[in-house]
Every structure is written in C-alpha cells, then in structure tokens.
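Peer 1: Right, I'll just put the structure down here and ask away after.
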Amino acid sequence: MSLSIPYDIHRLTFLNVELIENALEGQPINGTEYALYSAITSLGRATISEVSTHMAVPLATTSKMIAKAEDLGHISRAPNPEDGRSQLVELTRDGKKMHEACTADFMAALRRLLDELGGSRDDIKWALRRLDSAYRSVLGFADDPPVTQPTSRSLGYGGRLLTREQEEEVRAHIEFVQWRDSQ
C-alpha cells in the first residue's frame with residue numbers, strides 16, 4: 001500500500017541500503033562508505049563541502065565519514081590553494097583499489113536489480129533524475145541543470161556481439177560516465 005511518494009521513496013531507501021550492504025558483504029567497507037568513495041571518484045579532488053553537496057549528506061556527517069576513510073588510509077587531505085580555510089580530499093591509491101574491488105560486487109547487484117525491473121534502463125534513470133531534481137529544487141539545494149528526457153538512446157558498436165552481462169556492464173559504465181560528467 002502506498003501512502004505517498006515521499007513514503008514510498010523512504011521505504012525504497014531502506015531496501016536500497018539492504019541491497020548494497022548485501023552486495024558488499026565480506027568487503028572491508030560498507031555501502032555508505034562505498035557511496036562516499038564513489039562520490040569522490042566522480043568529483044576527483046574536491047572540498048568536503050562539495051562532497052557533502054554532491055551526496056546530499058549533512059556536512060558534519062560527511063566530515064566524519066571522510067575522517068574514518070582517512071584513518072583507513074583511503075583518503076588524503078591537502079590545503080585548498082584557493083581557500084586557506086578549506087581542504088581538498090581525494091582517494092589514495094589504496095582507496096581507489098578498495099573502490100574498484102567493491103564496484104564489481106555492486107555492479108553484479110545492479111545487474112540483478114535491472115533484470116528484475118525490466119523495461120528501459122534509460123527510462124528508469126530519467127525518472128530517478130527527475131525525482132532527484134524535484135527534491136533538490138523543493139529543498140533549495142544547489143541548482144542542477146533542468147532534467148530533460150533524452151531524445152536518442154542508441155550507441156553504435158561494430159565489434160563482436162556482447163553477452164547480455166557484457167552489454168549491461170557497458171551500459172552501466174556509460175551511465176556512470178554520464179553521471180560523473182554532469183556533476
């Protein structure tokens with residue numbers, strides 16, 4: 001039974017956390033830490049404030065997460081040359097290795113989820129981007145460019161036929177690159 005869209009999203013958030021935690025079972029970092037590493041991978045060197053905004057997580061929480069990852073040797077800090085008060089963070093070599101190791105498990109869970117959803121992966125991503133944009137607008141978060149439905153969804157490839165799993169992996173990587181470059 002659906003009470004409201006925010007309620008449905010709240011419920012799905014817990015299911016999503018469970019999916020990611022299950023996927024990363026046995027890994028040294030959890031789903032929240034994986035999300036932090038993914039955000040920093042996407043941003044490159046960034047201020048803690050930029051990471052916080054990108055993840056839509058309170059600054060104090062982001063700072064604690066970064067401190068923990070720094071203690072693990074996965075994140076390094078450096079003074080921001082443009083602003084003497086802030087620091088830039090980035091993943092260390094070990095942090096990048098950890099992120100890459102967890103990404104394989106995460107992608108396997110994502111493929112299973114997408115198989116269950118069926119339909120067009122692009123339509124699902126478009127709907128989620130619209131929700132994200134609407135929430136950010138209502139909450140007064142950083143302006144994002146307006147979300148428009150893509151007009152073209154094809155990508156040419158003249159090589160050998162890919163397996164279904166390979167095709168899903170390529171699509172997931174394309175989405176990651178699009179997401180990273182839109183940030």
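Quick note on naming: the chains in the structure tokens go A, B, ... in the order shown, residues restart at 1 in each chain, and ligands are numbered from 1 in order of appearance.
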Which polymer residues have any atom within 8 Å of an atom of range 168-170 of chain A, counting only C-alpha atoms, with same-chain residues fewer than 4 positions away left out, as a compact mmCIF listing (two decimals) with N, CA and C atoms, in the first residue's frame?
Peer 2:
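Wrote it out as selection-v3.txt, contents follow:
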```
# COMPACT_ATOMS: atom_id res chain seq x y z
N MET A 107 28.15 -3.80 -9.05
CA MET A 107 27.62 -3.93 -10.42
C MET A 107 26.83 -5.22 -10.58
N ARG A 111 23.00 -5.27 -11.79
CA ARG A 111 22.51 -6.06 -12.94
C ARG A 111 21.29 -6.89 -12.54
N ARG A 164 24.73 -10.71 -22.74
CA ARG A 164 23.81 -9.83 -22.02
C ARG A 164 24.53 -9.17 -20.85
N ILE A 174 28.58 3.47 -19.11
CA ILE A 174 28.15 4.68 -19.83
C ILE A 174 27.37 5.59 -18.90
```
Peer 1: So that I can check the secondary structure, give me every residue of range 3-171 of chain A assigned alpha helix (DSSP H) by backbone DSSP, as a PyMOL selection string.
Peer 2: chain A and resi 5-23+31-43+48-55+59-71+93-117+121-139+164-171
Peer 1: Which polymer residues have any atom within 12 Å of an atom of Glu100 in chain A, counting only C-alpha atoms, with same-chain residues fewer than 3 positions away left out, as a compact mmCIF listing (two decimals) with C-alpha atoms, in the first residue's frame?
Peer 2:
```
# COMPACT_ATOMS: atom_id res chain seq x y z
CA LEU A 24 29.27 -5.64 -0.32
CA GLN A 27 34.15 -6.26 1.84
CA ILE A 29 33.80 -1.06 3.67
CA TYR A 34 31.22 2.90 -0.90
CA TYR A 37 34.27 6.65 -2.39
CA SER A 38 32.05 6.75 -5.50
CA THR A 41 35.79 9.17 -7.63
CA LEU A 91 41.13 8.86 -2.75
CA ARG A 93 45.90 4.54 -4.24
CA ASP A 94 44.54 2.14 -1.59
CA GLY A 95 41.20 3.95 -1.60
CA LYS A 96 40.96 3.62 -5.38
CA LYS A 97 41.79 -0.09 -5.15
CA THR A 103 32.46 -1.92 -7.69
CA ALA A 104 32.46 -5.45 -9.16
CA ASP A 105 30.15 -6.63 -6.35
CA PHE A 106 27.99 -3.52 -6.64
CA MET A 107 27.62 -3.93 -10.42
```
Peer 1: May I ask for the distance between CA of Arg45 in chain A and CA of Glu90 in chain A, given in Å to one decimal place?
Peer 2: 4.9 Å
Peer 1: With only C-alpha atoms as the atoms that count, which of A:Ala35, A:Met55, A:Leu117, A:Ala78 lies nearest to Asp132 in chain A?
Peer 2: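 That would be A:Met55, the residue with the smallest distance to Asp132 in chain A.
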Peer 1: Where in chain A does DSSP assign strand (DSSP E), given as a list in words?
Peer 2: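 Those in chain A that DSSP calls strand (DSSP E) are Ala46, Thr47, Ile75, Ser76, Arg77, Ala78, Pro79, Asn80, Asp83, Gly84, Arg85, Ser86, Gln87, Leu88, Val89, Glu90 and Leu91 of chain A.
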Peer 1: Which residue gives the smallest distance to Thr62 in chain A among A:Ala134, A:Met98, A:Val17, A:Ile48, with only C-alpha atoms counted?
Peer 2: A:Ile48
